[in-house]
Every structure is written in structure tokens, then in C-alpha cells.
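Dropping model.txt in here (compact mmCIF, C-alpha atoms):
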```
# COMPACT_ATOMS: atom_id res chain seq x y z
CA MET L 229 -179.27 -36.44 -2.97
CA LYS L 230 -178.06 -32.90 -3.40
CA ASN L 231 -181.66 -31.63 -3.55
CA THR L 232 -182.54 -33.59 -0.43
CA PHE L 233 -179.60 -32.03 1.46
CA LEU L 234 -180.62 -28.53 0.35
CA LEU L 235 -184.20 -29.18 1.42
CA LEU L 236 -183.12 -30.38 4.85
CA THR L 237 -180.80 -27.37 5.24
CA THR L 238 -183.61 -25.00 4.31
CA LEU L 239 -185.98 -26.64 6.80
CA VAL L 240 -183.41 -26.36 9.57
CA LEU L 241 -182.86 -22.67 8.83
CA LEU L 242 -186.59 -22.00 8.75
CA PHE L 243 -187.07 -23.84 12.05
CA THR L 244 -184.27 -21.83 13.65
CA GLN L 245 -185.73 -18.55 12.41
CA CYS L 246 -189.15 -19.51 13.74
CA GLN L 247 -187.63 -20.33 17.13
CA GLU L 248 -185.90 -16.95 17.23
CA THR L 249 -189.14 -15.23 16.23
CA ILE L 250 -191.24 -16.77 19.00
CA LYS L 251 -188.55 -16.43 21.70
CA GLN L 252 -189.77 -14.05 24.39
CA PRO L 253 -187.76 -10.82 24.63
CA ILE L 254 -185.89 -10.14 27.85
CA ALA L 255 -188.03 -8.04 30.16
CA GLN L 256 -187.05 -4.42 30.60
CA ARG L 257 -186.67 -2.35 33.72
CA TRP L 258 -189.99 -1.41 35.24
CA THR L 259 -191.43 1.97 34.37
CA GLU L 260 -191.73 4.54 37.13
CA GLU L 261 -195.52 4.10 37.01
CA LYS L 262 -195.27 0.35 37.59
CA ALA L 263 -192.80 0.85 40.45
CA TRP L 264 -195.10 3.33 42.19
CA GLU L 265 -198.06 1.01 41.70
CA TRP L 266 -196.08 -1.67 43.54
CA HIS L 267 -195.36 0.83 46.32
CA ARG L 268 -199.02 1.81 46.68
CA ASN L 269 -200.12 -1.82 46.76
CA GLN L 270 -197.67 -2.68 49.55
CA GLY L 271 -198.15 0.33 51.78
CA TRP L 272 -195.25 1.52 53.93
CA MET L 273 -193.28 -1.44 55.27
CA ALA L 274 -190.68 -1.73 57.98
CA GLY L 275 -188.92 -4.68 59.55
CA THR L 276 -185.56 -6.33 60.01
CA ASN L 277 -182.86 -8.33 58.30
CA PHE L 278 -183.98 -11.68 59.67
CA ASN L 279 -181.62 -14.46 60.64
CA PRO L 280 -182.68 -16.78 63.47
CA SER L 281 -180.54 -16.53 66.59
CA THR L 282 -179.52 -20.18 66.23
CA ALA L 283 -177.90 -19.65 62.80
CA ILE L 284 -174.45 -18.12 62.32
CA ASN L 285 -175.01 -17.51 58.60
CA GLN L 286 -177.19 -18.16 55.56
CA LEU L 287 -176.05 -21.79 55.28
CA GLU L 288 -176.88 -22.70 58.87
CA PHE L 289 -180.22 -20.93 58.43
CA PHE L 290 -181.36 -23.19 55.57
CA GLN L 291 -179.36 -26.44 55.62
CA ALA L 292 -181.57 -29.41 56.48
CA GLU L 293 -179.65 -30.36 59.63
CA THR L 294 -179.90 -26.89 61.17
CA PHE L 295 -183.15 -25.46 59.78
CA ASP L 296 -184.75 -24.43 63.07
CA LEU L 297 -188.40 -23.76 62.31
CA GLU L 298 -189.33 -23.66 66.01
CA THR L 299 -186.98 -20.73 66.66
CA ILE L 300 -187.94 -19.10 63.36
CA ASN L 301 -191.61 -19.23 64.29
CA LYS L 302 -190.99 -17.86 67.79
CA GLU L 303 -188.83 -14.97 66.63
CA LEU L 304 -191.14 -14.08 63.75
CA SER L 305 -193.98 -13.84 66.25
CA TRP L 306 -191.92 -11.34 68.24
CA SER L 307 -191.36 -9.16 65.18
CA ALA L 308 -195.06 -9.30 64.34
CA GLU L 309 -195.86 -8.10 67.87
CA LEU L 310 -193.80 -4.99 67.16
CA GLY L 311 -195.73 -4.35 63.95
CA MET L 312 -193.03 -5.38 61.47
CA LYS L 313 -194.30 -6.12 57.96
CA LEU L 314 -191.11 -6.75 55.97
CA HIS L 315 -188.07 -8.94 56.49
CA ARG L 316 -184.98 -9.28 54.35
CA VAL L 317 -183.54 -12.80 54.14
CA TYR L 318 -180.21 -13.93 52.68
CA LEU L 319 -179.96 -17.08 50.57
CA HIS L 320 -176.89 -18.88 49.17
CA ASN L 321 -176.03 -20.62 45.90
CA LEU L 322 -174.46 -23.56 47.77
CA LEU L 323 -177.85 -24.40 49.26
CA TRP L 324 -179.21 -24.85 45.74
CA GLU L 325 -176.16 -26.86 44.70
CA GLN L 326 -176.47 -29.11 47.74
CA ASP L 327 -180.17 -29.95 47.44
CA SER L 328 -182.28 -27.64 45.32
CA LEU L 329 -185.63 -29.29 46.05
CA GLY L 330 -185.00 -29.52 49.78
CA PHE L 331 -183.76 -25.92 49.86
CA LEU L 332 -186.87 -24.65 48.05
CA SER L 333 -189.06 -26.65 50.42
CA ARG L 334 -187.40 -25.16 53.50
CA LEU L 335 -187.55 -21.67 52.01
CA ASP L 336 -191.24 -22.23 51.35
CA SER L 337 -191.68 -23.24 55.01
CA TYR L 338 -190.00 -20.02 56.10
CA LEU L 339 -192.21 -17.94 53.79
CA GLU L 340 -195.34 -19.71 54.99
CA THR L 341 -194.41 -19.03 58.62
CA ALA L 342 -193.69 -15.37 57.88
CA ASN L 343 -196.94 -15.10 55.94
CA LYS L 344 -198.81 -16.44 58.97
CA TYR L 345 -197.68 -13.29 60.74
CA GLN L 346 -198.44 -11.09 57.71
CA ILE L 347 -194.74 -10.47 57.10
CA LYS L 348 -193.46 -10.21 53.53
CA THR L 349 -189.94 -11.09 52.48
CA LEU L 350 -187.26 -9.44 50.36
CA LEU L 351 -184.91 -12.22 49.22
CA VAL L 352 -181.16 -11.62 48.78
CA LEU L 353 -179.49 -13.92 46.24
CA LEU L 354 -175.75 -13.06 46.33
CA ASP L 355 -173.44 -11.28 48.77
CA ASP L 356 -169.86 -9.94 48.62
CA VAL L 357 -169.46 -9.54 52.40
CA TRP L 358 -167.31 -11.37 55.01
CA HIS L 359 -165.67 -14.80 54.54
CA PRO L 360 -164.55 -15.32 50.91
CA LEU L 361 -164.59 -19.14 51.00
CA PRO L 362 -168.02 -20.51 51.96
CA GLN L 363 -168.35 -24.23 52.65
CA LEU L 364 -171.33 -26.54 53.08
CA GLY L 365 -171.79 -28.74 56.11
CA LYS L 366 -171.31 -27.92 59.76
CA GLN L 367 -170.61 -24.23 60.18
CA PRO L 368 -168.04 -22.85 62.66
CA GLU L 369 -168.98 -21.86 66.17
CA PRO L 370 -169.00 -18.09 66.76
CA THR L 371 -165.76 -16.45 67.76
CA PRO L 372 -166.60 -14.94 71.16
CA PHE L 373 -167.22 -11.19 71.14
CA VAL L 374 -166.52 -10.85 67.36
CA HIS L 375 -169.07 -9.35 64.96
CA ASN L 376 -170.34 -11.77 62.27
CA SER L 377 -167.41 -14.16 62.63
CA GLY L 378 -169.13 -16.86 60.56
CA TRP L 379 -170.94 -14.95 57.80
CA VAL L 380 -169.96 -16.04 54.27
CA GLN L 381 -169.91 -14.54 50.80
CA ALA L 382 -172.05 -15.89 47.98
CA PRO L 383 -170.79 -17.23 45.66
CA GLY L 384 -167.38 -16.57 47.21
CA ALA L 385 -163.95 -16.10 45.70
CA ALA L 386 -163.58 -19.51 44.00
CA ILE L 387 -166.52 -18.98 41.62
CA LEU L 388 -166.53 -15.20 41.52
CA GLY L 389 -162.85 -15.03 40.59
CA ASP L 390 -163.21 -17.42 37.63
CA SER L 391 -165.43 -15.88 34.97
CA LEU L 392 -165.69 -19.29 33.27
CA ARG L 393 -167.55 -20.54 36.36
CA HIS L 394 -170.07 -17.70 36.57
CA ASP L 395 -172.61 -19.69 34.57
CA GLU L 396 -172.67 -22.26 37.39
CA LEU L 397 -174.93 -19.75 39.16
CA LYS L 398 -177.47 -19.50 36.34
CA ASN L 399 -179.65 -22.40 37.48
CA TYR L 400 -179.63 -21.11 41.05
CA ILE L 401 -180.66 -17.58 40.09
CA LYS L 402 -183.27 -18.59 37.55
CA GLY L 403 -184.47 -21.56 39.60
CA VAL L 404 -185.19 -19.62 42.78
CA VAL L 405 -186.64 -16.57 41.02
CA SER L 406 -188.82 -18.76 38.78
CA HIS L 407 -190.12 -20.79 41.70
CA PHE L 408 -191.34 -17.71 43.57
CA ALA L 409 -191.87 -15.35 40.61
CA GLN L 410 -195.62 -15.04 41.20
CA ASP L 411 -195.59 -15.55 44.96
CA PRO L 412 -197.21 -12.67 46.89
CA ARG L 413 -195.23 -13.62 50.00
CA VAL L 414 -192.07 -12.45 48.22
CA VAL L 415 -192.08 -8.67 47.91
CA GLY L 416 -188.92 -8.26 45.82
CA TRP L 417 -185.51 -9.54 44.76
CA ASP L 418 -182.34 -8.00 46.16
CA LEU L 419 -180.00 -9.51 43.59
CA TYR L 420 -176.58 -8.81 45.08
CA ASN L 421 -175.72 -7.42 48.52
CA GLU L 422 -172.93 -4.82 48.67
CA PRO L 423 -171.18 -5.58 45.37
CA ASP L 424 -167.41 -5.02 45.55
CA ASN L 425 -167.24 -5.16 49.33
CA VAL L 426 -163.67 -6.37 49.91
CA ALA L 427 -163.02 -8.38 53.08
CA ASN L 428 -160.03 -6.97 54.94
CA GLN L 429 -160.53 -8.63 58.31
CA PRO L 430 -157.64 -10.64 59.81
CA GLY L 431 -157.62 -14.07 58.19
CA TYR L 432 -159.86 -12.95 55.32
CA ALA L 433 -157.71 -10.41 53.47
CA GLU L 434 -155.32 -13.02 52.08
CA LEU L 435 -158.25 -15.10 50.79
CA GLU L 436 -159.97 -12.18 49.08
CA LEU L 437 -159.92 -11.61 45.32
CA LYS L 438 -157.63 -9.13 43.69
CA ASP L 439 -159.51 -6.76 41.37
CA LYS L 440 -162.81 -7.91 42.87
CA TYR L 441 -164.60 -4.98 41.24
CA THR L 442 -164.06 -6.41 37.75
CA TYR L 443 -165.29 -9.89 38.61
CA THR L 444 -168.29 -8.65 40.58
CA PHE L 445 -169.36 -6.25 37.83
CA ALA L 446 -169.13 -9.03 35.22
CA LEU L 447 -171.20 -11.40 37.35
CA LEU L 448 -173.79 -8.77 38.28
CA LYS L 449 -174.52 -8.08 34.62
CA LYS L 450 -175.25 -11.77 34.10
CA VAL L 451 -177.40 -12.01 37.22
CA VAL L 452 -179.55 -9.07 36.11
CA ARG L 453 -180.01 -10.66 32.68
CA TRP L 454 -180.98 -14.04 34.15
CA ALA L 455 -183.51 -12.44 36.49
CA ARG L 456 -184.98 -10.33 33.66
CA GLU L 457 -185.35 -13.46 31.55
CA VAL L 458 -187.60 -14.88 34.28
CA ASN L 459 -189.51 -11.58 34.50
CA PRO L 460 -190.94 -12.02 38.02
CA SER L 461 -193.97 -10.14 39.25
CA GLN L 462 -191.82 -8.57 41.98
CA PRO L 463 -189.29 -5.74 41.47
CA LEU L 464 -185.53 -6.22 41.18
CA THR L 465 -183.09 -4.07 43.14
CA ILE L 466 -179.37 -3.82 43.94
CA GLY L 467 -178.64 -1.61 46.92
CA LEU L 468 -176.24 1.33 46.86
CA TRP L 469 -173.80 1.30 49.74
CA LYS L 470 -170.47 2.68 48.52
CA GLY L 471 -169.20 6.05 47.32
CA ASP L 472 -169.86 9.71 48.04
CA PRO L 473 -173.56 10.15 49.01
CA ALA L 474 -173.48 13.58 47.36
CA LEU L 475 -173.11 11.80 44.01
CA TRP L 476 -175.76 9.13 44.54
CA GLY L 477 -178.30 11.12 42.55
CA THR L 478 -175.93 11.76 39.63
CA PRO L 479 -175.26 8.48 37.78
CA GLU L 480 -172.82 10.02 35.30
CA LYS L 481 -170.49 10.83 38.22
CA MET L 482 -170.64 7.35 39.74
CA ARG L 483 -168.36 4.41 39.06
CA PRO L 484 -169.77 2.24 36.25
CA LEU L 485 -170.74 -0.46 38.77
CA GLU L 486 -172.91 1.82 40.91
CA ARG L 487 -174.40 3.44 37.83
CA PHE L 488 -175.35 -0.01 36.53
CA MET L 489 -176.91 -0.87 39.90
CA VAL L 490 -179.14 2.20 39.86
CA GLU L 491 -180.10 1.95 36.20
CA ASN L 492 -181.13 -1.70 36.55
CA SER L 493 -183.15 -1.41 39.76
CA ASP L 494 -186.93 -1.27 39.47
CA VAL L 495 -187.07 0.24 42.95
CA ILE L 496 -184.05 1.97 44.51
CA SER L 497 -182.50 0.44 47.61
CA PHE L 498 -179.60 1.61 49.73
CA HIS L 499 -177.76 1.15 53.03
CA SER L 500 -177.26 3.84 55.63
CA TYR L 501 -175.50 3.20 58.92
CA ASP L 502 -175.04 6.96 59.13
CA ASN L 503 -176.31 9.71 61.38
CA PRO L 504 -179.51 11.57 60.41
CA GLN L 505 -177.68 14.32 58.52
CA VAL L 506 -175.91 11.93 56.13
CA THR L 507 -179.03 9.79 55.83
CA GLN L 508 -181.05 12.86 54.83
CA GLN L 509 -178.43 13.67 52.19
CA LYS L 510 -178.78 10.17 50.76
CA ILE L 511 -182.55 10.52 50.68
CA ARG L 512 -182.38 13.87 48.86
CA GLU L 513 -180.08 12.43 46.22
CA LEU L 514 -182.02 9.21 45.70
CA LYS L 515 -185.36 10.98 45.37
CA LYS L 516 -184.05 12.37 42.08
CA TYR L 517 -184.76 8.97 40.49
CA ASN L 518 -188.49 9.33 41.17
CA ARG L 519 -188.86 5.70 42.24
CA PRO L 520 -189.84 4.04 45.53
CA LEU L 521 -186.97 3.84 48.03
CA LEU L 522 -185.98 1.06 50.42
CA CYS L 523 -183.28 1.31 53.05
CA THR L 524 -182.34 -2.34 53.36
CA GLU L 525 -179.75 -1.89 56.12
CA TYR L 526 -179.57 0.65 58.93
CA LEU L 527 -179.11 0.75 62.74
CA ALA L 528 -175.60 1.27 64.07
CA ARG L 529 -176.28 2.90 67.41
CA ILE L 530 -172.71 3.92 68.13
CA PHE L 531 -172.61 5.93 64.88
CA GLY L 532 -175.87 7.79 65.48
CA SER L 533 -178.05 5.48 63.38
CA THR L 534 -180.75 4.72 65.94
CA PHE L 535 -184.43 3.90 65.78
CA ASP L 536 -185.49 7.22 67.28
CA SER L 537 -183.31 9.29 64.94
CA ILE L 538 -183.80 7.36 61.68
CA LEU L 539 -187.07 5.45 61.58
CA PRO L 540 -189.37 8.51 61.80
CA LEU L 541 -187.36 10.03 58.94
CA PHE L 542 -187.96 6.96 56.80
CA LYS L 543 -191.66 6.83 57.58
CA GLU L 544 -192.14 10.53 56.87
CA ASN L 545 -190.56 10.02 53.44
CA GLU L 546 -192.35 6.69 52.81
CA ILE L 547 -189.04 4.83 52.60
CA HIS L 548 -189.39 1.14 53.38
CA ALA L 549 -187.03 0.48 56.28
CA ILE L 550 -185.15 -2.70 57.22
CA ASN L 551 -182.77 -2.53 60.16
CA TRP L 552 -179.89 -4.95 60.70
CA GLY L 553 -180.41 -7.61 63.33
CA PHE L 554 -183.27 -8.81 65.48
CA VAL L 555 -182.50 -11.41 68.15
CA ALA L 556 -178.91 -11.38 69.39
CA GLY L 557 -177.50 -14.82 68.65
CA LYS L 558 -174.72 -16.62 66.86
CA THR L 559 -173.94 -13.74 64.50
CA ASN L 560 -172.71 -11.62 67.45
CA THR L 561 -173.84 -8.43 65.74
CA ILE L 562 -174.40 -6.66 69.05
CA PHE L 563 -170.62 -6.16 68.82
CA PRO L 564 -169.27 -3.45 66.48
CA TRP L 565 -167.32 -4.04 63.29
CA SER L 566 -164.21 -2.93 65.19
CA SER L 567 -164.42 -6.08 67.34
CA TRP L 568 -162.30 -7.77 64.65
CA THR L 569 -159.33 -5.67 65.67
CA THR L 570 -160.24 -4.40 69.18
CA ALA L 571 -160.67 -7.08 71.84
CA PHE L 572 -163.93 -7.30 73.80
CA ASP L 573 -164.45 -9.53 76.83
CA SER L 574 -168.09 -8.79 77.66
CA MET L 575 -171.31 -7.50 76.15
CA PRO L 576 -170.99 -3.87 74.99
CA LYS L 577 -172.90 -1.24 76.91
CA VAL L 578 -174.40 0.05 73.65
CA TRP L 579 -175.36 -2.67 71.17
CA HIS L 580 -174.22 -2.15 67.60
CA HIS L 581 -177.19 -3.98 66.00
CA ASP L 582 -180.08 -6.21 67.20
CA ILE L 583 -183.12 -5.64 69.39
CA TYR L 584 -183.79 -8.61 71.69
CA ARG L 585 -181.87 -11.20 73.70
CA THR L 586 -182.91 -14.82 73.17
CA ASP L 587 -185.20 -14.65 76.23
CA LYS L 588 -186.97 -11.65 74.61
CA THR L 589 -185.40 -9.14 76.98
CA PRO L 590 -184.81 -6.04 74.83
CA PHE L 591 -181.67 -3.97 74.64
CA SER L 592 -183.93 -0.99 75.35
CA GLU L 593 -187.53 -0.93 76.60
CA ALA L 594 -187.80 2.61 75.27
CA GLU L 595 -186.92 1.35 71.77
CA ILE L 596 -189.65 -1.29 71.98
CA THR L 597 -192.23 1.34 72.91
CA LEU L 598 -191.02 3.56 70.07
CA LEU L 599 -191.11 0.73 67.52
CA LYS L 600 -194.63 -0.32 68.46
CA THR L 601 -195.78 3.29 68.21
CA ILE L 602 -194.21 4.03 64.84
CA LEU L 603 -194.89 0.66 63.22
CA LYS L 604 -198.50 0.40 64.31
CA GLU L 605 -199.68 3.98 63.84
CA PRO L 606 -201.50 4.87 60.58
CA GLN L 607 -199.61 4.71 57.27
CA PRO L 608 -198.18 7.89 55.72
```
Could you render the structure from this file as C-alpha cells?
Amino acid sequence: MKNTFLLLTTLVLLFTQCQETIKQPIAQRWTEEKAWEWHRNQGWMAGTNFNPSTAINQLEFFQAETFDLETINKELSWSAELGMKLHRVYLHNLLWEQDSLGFLSRLDSYLETANKYQIKTLLVLLDDVWHPLPQLGKQPEPTPFVHNSGWVQAPGAAILGDSLRHDELKNYIKGVVSHFAQDPRVVGWDLYNEPDNVANQPGYAELELKDKYTYTFALLKKVVRWAREVNPSQPLTIGLWKGDPALWGTPEKMRPLERFMVENSDVISFHSYDNPQVTQQKIRELKKYNRPLLCTEYLARIFGSTFDSILPLFKENEIHAINWGFVAGKTNTIFPWSSWTTAFDSMPKVWHHDIYRTDKTPFSEAEITLLKTILKEPQP
């Protein structure tokens, strides 16, 4: 009996060792050469952060009851007319939790529609911005004249602020990335939008996490590991948005969170709602990493971030460019961030974000002419 027990124990140990031996190692960050090969294969791309005008947030975009493929198709056709080749689209973990198969099917329908117009998609998995307590079901109506009054964080404070619940996101991250890991319609994975963005708007501040930095950093490390375990054919990125732009090219002078973001991005992405001078400073710093660059959010007209001042700069430097907002709708992003604390009672004379009204009337005909010229002229 004793010999039998020892034999069984030995077999179990051998089996375990064999399993460990054949387990695939976690993929590493792409080499510079691989990143530049991706860049050459794509060509210069520009487009918009796409959210249909009939959706107030990521949940209303993709929930079954409100998935508006007719509007999506119409508005994607408008962006294709301008010459846009790249859209950035936000997802949400609650969509997976609610109905993973239905969510993947609707996301596939979106990607197929975008592909019909030769538009590729950068998918955003998590987001630290705006309302800290997302909820499934019917979403709120927009607050009149208030910027992004219904946008929600993902996963939100309840999960983010409890490190024991972080693993609830594992199936979502790995499930979505695995499903589209070899899909040429997906151009990359933006793992986490604006990590450590703390909501301080009226009504949000008291719901926001204390010490959000610590929780976000802990979760981001797990998200990167889960995505690397899948090892998709597309690059991973986490966009820089915070801190002194003069230090963006010097990781050792960054906070540990931003340093981790840069050192775990296959291609470098960033946000710039700044004037041309600050944007140029960011570009100079980020070029030090010798990797392809993507600006995944820009266009804040009232701050000097305009199409005529910024987009030529991005094209000249072969920086893939994704402005915020397309068709002015339920997100109300034609209004500035200050609309949370400064009352508006009508449409602003200068739009903060966005390009078209829902009837396709543009904010500026001159911008439309400029976009068609820059987006359709030969590649750099």
C-alpha cells in the first residue's frame, strides 16, 4: 500500500512538471522592429473616437435594446467620405457580464460595418473617466448642455476599489482579446483609458475612490498580463495623458504608473488637447522611444487644438491621429468640460469636440474641406 501511494505521488509530480514544461510562456513586449513593421503595414491612419449619436455611453452603444446599427452604418459612411481609416471604440466589462455571446455578436456587427467602409478599429477595454458607478439597463437621458453627462467608468469604483474583485475582469479581458486576436479589422488594443483619472464633477466626487492610483495600478498590471497571455496579433498600448510633457520621454522621472504604461506598450499612444506648441513638445519627447506613435484623443477647439493646427503636424510626423467626437449627439461633447460648473443655455459658438450635426450639417465647412484634403492626399 505504501509503495502504491509513493508511485501515485510520483506520477502526480511528474504530470505536474510536464504541464509546467509545456505551458506557453507569457508573450513579451513587441520589439521595435515588430512595432515598425505593424506601422508600415497599416500606413498612416486618421479618424475619430466613434460613438453613435444615439448612444450616451459605451453601454447604450452595445446593449441589445439600444444597438443602433442603422445609425452606426450611416455615420460610418460619413466618416469614410472624409477619408477616415481608423476609429477608436470603447467597450465595457458589464456588457460581457450581461451577455458575452450577444455582446461579441454585436461587436462583430460593428466591425463588419466599419470594415465595409475600410475603417479599422482600435478597441478600448477599460476606462477611469466620468461616472464611477456604471449600471446596466436603460441609461440616463443627457443632462441638457452638459458635456458627457452619461459616460461611465469601466469597471467603476465597486470592482476597482476591491482588489479581491479584480479577477472578475479576467474572463472579459481574455475573452474579448482572444475572440478578435487574429482579426485584421482590429488594429490594436488600448487596454485602459486615462488610468488614474479622478472624477471631481458635482455628484461624482463623493462616489470616487480614495487612493485611486493604487487600485488602478494594481489592476493595470493584471490586465497587461492577461492580454500578454493571449498574445494577440495586434499591438497593446496604454495612452499617456497625465504629468509634465517635458518628462514624457524620460521614464525614470515619471510616476511608476506612467513608466509602467510606456514600458508595456508595443506602440506608444497619448492624448493631447493642447495647442501646437505643447503638442510638438509631446511629440519630441515620445519620439525618444523609437516606436510608432498614436494620438488617440485630440481636438479641443477652444484650447487651440484644432484640425488645421494639429492634424498636419501629426501627418508630417506619421503619427496616427484620432480626434474626439464625430456626430454631435447624446454625449453633448460640443460643450466644454467647464459646462459641469458653468451653465449653458444654448449651443456654444465654438464647439469643443465633434464634427457634424445629426443631419450631416458640419460645424465648419472649412474643416470638412481641410479633412478631405489631408486624409485623402498621398501617405507620408
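The space between CA of Tyr501 in chain L and CA of Ser533 in chain L spans 5.6 Å.
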Distance of CA of Gln509 in chain L from CA of Thr442 in chain L, expressed in Å to one decimal place:
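We find that CA of Thr442 in chain L and CA of Gln509 in chain L lie 28.6 Å from each other.
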Once you count all atoms listed in the file, what closest atom pair and distance in Å to one decimal does each residue of range 313-355 of chain L within 10 Å of range 413-430 of chain L have, with rows by chain and rising residue number, as CSV?
```
residue,atom,partner,partner_atom,distance
L:Leu314,CA,L:Val415,CA,8.3
L:His315,CA,L:Val415,CA,9.5
L:Arg316,CA,L:Asp418,CA,8.7
L:Val317,CA,L:Asp418,CA,9.4
L:Tyr318,CA,L:Asn421,CA,8.9
L:Asp336,CA,L:Arg413,CA,9.6
L:Leu339,CA,L:Arg413,CA,6.5
L:Glu340,CA,L:Arg413,CA,7.9
L:Ala342,CA,L:Arg413,CA,8.2
L:Asn343,CA,L:Arg413,CA,6.4
L:Gln346,CA,L:Arg413,CA,8.7
L:Ile347,CA,L:Arg413,CA,7.8
L:Lys348,CA,L:Arg413,CA,5.2
L:Thr349,CA,L:Val414,CA,5.0
L:Leu350,CA,L:Gly416,CA,5.0
L:Leu351,CA,L:Trp417,CA,5.2
L:Val352,CA,L:Asp418,CA,4.6
L:Leu353,CA,L:Leu419,CA,5.2
L:Leu354,CA,L:Tyr420,CA,4.5
L:Asp355,CA,L:Asn421,CA,4.5
```
With a distance cut-off of 9 Å and only C-alpha atoms, select the neighbouring residues of Gln381 in chain L, excluding the residue or stretch itself and same-chain residues fewer than 4 positions from it, and output the selection as an NGL selection string. :L and (320 or 354-362 or 385)
Taken to one decimal, the CA of Leu364 in chain L-CA of Leu322 in chain L distance is 6.8 Å
Contact table range 419-502 of chain L vs range 404-407 of chain L, cut-off 7 Å, shortest pair per residue, only C-alpha atoms, as JSON lines:
```
{"residue": "L:Ala455", "atom": "CA", "partner": "L:Val405", "partner_atom": "CA", "distance": 6.9}
{"residue": "L:Val458", "atom": "CA", "partner": "L:Ser406", "partner_atom": "CA", "distance": 6.1}
{"residue": "L:Pro460", "atom": "CA", "partner": "L:Val405", "partner_atom": "CA", "distance": 6.9}
```
Practice prompt. Please provide as JSON, numbers by chain all residues within 12 Å of Glu261 in chain L, with the sequence filter that same-chain residues fewer than 2 positions apart are discarded (counting only C-alpha atoms).
Written response: {"L": [257, 258, 259, 263, 264, 265, 266, 267, 268, 494, 495, 518, 519, 520]}
Given all atoms listed in the file, how would the per-residue table for range 534-563 of chain L near range 272-289 of chain L read, listing every residue at most 8 Å away with its closest atom pair and distance in Å to one decimal, sorted by chain and number, as a Markdown table?
```
| residue | atom | partner | partner_atom | distance |
| --- | --- | --- | --- | --- |
| L:Lys543 | CA | L:Trp272 | CA | 7.4 |
| L:Glu546 | CA | L:Trp272 | CA | 6.0 |
| L:Ile547 | CA | L:Trp272 | CA | 7.2 |
| L:His548 | CA | L:Met273 | CA | 5.0 |
| L:Ala549 | CA | L:Ala274 | CA | 4.6 |
| L:Ile550 | CA | L:Thr276 | CA | 4.6 |
| L:Asn551 | CA | L:Thr276 | CA | 4.7 |
| L:Trp552 | CA | L:Asn277 | CA | 5.1 |
| L:Gly553 | CA | L:Asn277 | CA | 5.6 |
| L:Phe554 | CA | L:Thr276 | CA | 6.4 |
| L:Val555 | CA | L:Ser281 | CA | 5.7 |
| L:Ala556 | CA | L:Ser281 | CA | 6.1 |
| L:Gly557 | CA | L:Ser281 | CA | 4.1 |
| L:Lys558 | CA | L:Ile284 | CA | 4.8 |
| L:Thr559 | CA | L:Ile284 | CA | 4.9 |
```
Practice prompt. Using all atoms listed in the file, determine which residues lie at most 12 Å from Pro484 in chain L, disregarding the query and same-chain residues fewer than 4 positions distant; provide the list as number ranges by chain.
Written response: L: 441-442, 444-446, 448-449, 471, 478-480, 488-491
When you look at Leu598 in chain L with a cut-off of 12 Å (counting only C-alpha atoms), what residues show up, excluding the ones that are within fewer than 2 positions of it in the same chain? I need them as a list in words.
Leu310, Gly311, Thr534, Phe535, Asp536, Ser537, Ile538, Leu539, Pro540, Ser592, Glu593, Ala594, Glu595, Ile596, Lys600, Thr601, Ile602, Leu603, Lys604 and Glu605 of chain L
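In terms of minimum interatomic distance to Thr507 in chain L, L:Pro473 ranks closest within L:Pro473, L:Gly365, L:Pro412, L:Pro370, counting all atoms listed in the file.
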| request: Return the single residue from L:Trp579, L:Phe542, L:Tyr338, L:Phe331 that is closest to Trp565 in chain L, with distances computed using all atoms listed in the file. | output: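 Closest candidate: L:Trp579.
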Quick one: of L:Arg453, L:Lys510, L:Arg393, L:Arg529, who's nearest to Thr561 in chain L, counting only C-alpha atoms?
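Residue with the minimum atom-to-atom distance to Thr561 in chain L: L:Arg529.
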Env of Asn321 in chain L: 7 Å cut, atoms = only C-alpha atoms, seq-sep filter 2 positions within chain, self excluded. Answer as a PDB file with C-alpha atoms, in the coordinates of the input.
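Listed below is the output, around-v2.pdb:
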```pdb
ATOM      1  CA  LEU L 323    -177.850 -24.400  49.260  1.00  0.00           C
ATOM      2  CA  TRP L 324    -179.210 -24.850  45.740  1.00  0.00           C
ATOM      3  CA  GLU L 325    -176.160 -26.860  44.700  1.00  0.00           C
ATOM      4  CA  ALA L 382    -172.050 -15.890  47.980  1.00  0.00           C
ATOM      5  CA  PRO L 383    -170.790 -17.230  45.660  1.00  0.00           C
ATOM      6  CA  LEU L 397    -174.930 -19.750  39.160  1.00  0.00           C
ATOM      7  CA  TYR L 400    -179.630 -21.110  41.050  1.00  0.00           C
TER       8      TYR L 400
END
```
From L:Ser497, L:Thr586, L:Ser566, L:Gln363, residue lying nearest Gly378 in chain L [all atoms listed in the file]:
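Among the listed residues, the smallest separation from Gly378 in chain L belongs to L:Gln363.
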If you count all atoms listed in the file, the residue of L:Met575, L:Lys313, L:Thr597, L:Leu541 closest to Gly271 in chain L turns out to be L:Lys313
